[in-house]
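Step one of this worksheet: look at the structure below.
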Amino acid sequence: MDIAGLAYSVVKATSLPAWSRFGEDFAGFSAHDLPGGLALRMDERAGRIFVEKGQADCYFASGWELRTRRQFDAALTELAAKDIAVTASTPAERALRHVAEMAWFRDPAGNRHEICCGAISDFSRFVSPQAVRGFVTGDLGFGHVVLPAPQIDATRDFLIDVLGFGVSDFMVHRPLGPEGPAMRIDFMHCANARHHSLALFEAEVPAGCVHMMVEVPDLDEVGRAYDRMLSSGARLMATLGKHTNDRMTSFYVATPGGFALEYGFGGLQLDWDTHSEFEFTEVSLWGHDFSVGFGVDEKAQLAAAA
């Protein structure tokens, strides 16, 4: 399979207005009402985050784009040949996501992956309610997502063997210190230059996602978003910092879905023919104090499970 990029994410929500406020007042997306849901725009597409009314607040699905109908049909044939259970989409599902074709399946960790083609949009100009200059999307997809994968080896192999992803790099996370439990994080790329479109976190995550990331074209937009976060009273999950592996300068804030949004600038774009996979041992070159949000939640979760 030749996945072009992360086309969209689908979120379930008990309150659509909460996502509308978060998207417009903090992130600078534009919010558009849909039957039974909400589209959050960040470029000329009809939406990049689709919020659907639900009984719980959680991440629901990742939409992976194939460039043509022929590639989509070939992917379905390949999935059938590998005995992977695939469910055809309903007209309502395609209408919410604004795609011509979509089918879905789950990886060994239970994450829902949707393959799609044929984005449907009037391609009107994106206008941010916060005057954000734009988001880095296009051929790179809209950003990345970090998904739970307690069965990380099987899930990583599935993504490589079935979806055609590659490993960019990885680290071993020890939230309770050197003697604490080890949780691997694999950063994975598809057929574009973005450092990673998906990462796998070796743990259960109740919200179904650790975080999603959106990228803006300059550092000033990150700073303005940080100011909006402070003035809105949103919960900070990690302070401003610069990552070691993808060089993204970013911060993290809690979304209404129970997971975080990373808001960043300057992520690496790589040539996969020359890149070498590696392990990194420090999350960030500077900043990114995760103890203010992620660390609190993680330690509480580990203590409850003990």
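Each chain in the structure tokens gets a letter, A, B, ..., in the order shown, and its residues are numbered from 1; ligands are numbered from 1 in order too.
Summary of the local environment: counting only C-alpha atoms, residues at most 7 Å from Ala61 of chain A, other than itself and those fewer than 4 positions away along its chain, are Ser9, Val10, Arg112, His113 and Glu114 of chain A.
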Restrict the selected residues to N, CA and C atoms and save them as a compact mmCIF listing (two decimals), in the first residue's frame.
```txt
# COMPACT_ATOMS: atom_id res chain seq x y z
N SER A 9 -8.85 12.94 10.91
CA SER A 9 -9.14 12.18 12.12
C SER A 9 -10.61 12.35 12.46
N VAL A 10 -11.20 11.32 13.05
CA VAL A 10 -12.59 11.36 13.49
C VAL A 10 -12.60 11.25 15.01
N ARG A 112 -8.80 1.90 15.03
CA ARG A 112 -9.54 1.89 13.77
C ARG A 112 -8.81 2.72 12.72
N HIS A 113 -8.49 2.08 11.59
CA HIS A 113 -7.85 2.74 10.47
C HIS A 113 -8.81 2.74 9.29
N GLU A 114 -8.94 3.90 8.66
CA GLU A 114 -9.80 4.03 7.50
C GLU A 114 -8.94 4.38 6.30
```
(Q) From a backbone DSSP assignment, name each residue in segment 49-243 of chain A labelled strand (DSSP E), as a VMD selection string. (A) chain A and resid 49 to 53 58 to 65 87 to 88 99 to 106 112 to 119 144 to 148 166 to 173 183 to 189 198 to 201 211 to 215 236 to 243
Q. Which residue out of A:Tyr263, A:Tyr59, A:Leu285, A:Phe142 has the minimum interatomic distance to Val210 of chain A when only C-alpha atoms are used?
A.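 When distances to Val210 of chain A are compared using only C-alpha atoms, the smallest one comes from A:Tyr59.
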Q: To one decimal in Å, tell me the separation between atom CA of Ser232 of chain A and atom CA of Thr14 of chain A.
A: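 Result for atom CA of Ser232 of chain A versus atom CA of Thr14 of chain A: 20.5 Å, one decimal.
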**Q.** Residue list (helix (DSSP H, G or I), DSSP) for segment 15-245 of chain A, as a ChimeraX atom specification
**A.** /A:16-27,69-81,91-97,138-140,152-161,219-232
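Using only C-alpha atoms, the smallest distance between any of A:Leu261, A:Leu66, A:Ile185, A:Ile120 and Ala103 of chain A comes from A:Leu66.
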Q: Would you mind listing what lies within 7 Å of Gly264 of chain A as a ChimeraX atom specification, with only C-alpha atoms counted and same-chain residues fewer than 4 positions away left out?
A: /A:214-216,222,248-251
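Residue nearest Phe187 of chain A within the list A:Glu202, A:Glu65, A:Glu24, A:Glu101: A:Glu202 [criterion: smallest interatomic distance, only C-alpha atoms].
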Q: Just the residues within 6 Å of segment 96-100 of chain A, please, counting only C-alpha atoms, with nothing from its chain fewer than 2 positions along; format it as a PyMOL selection string.
A: chain A and resi 93-94+118-120
Q: Provide the atom CA of Glu279 of chain A to atom CA of Leu159 of chain A distance in Å, to one decimal place.
A: 19.0 Å
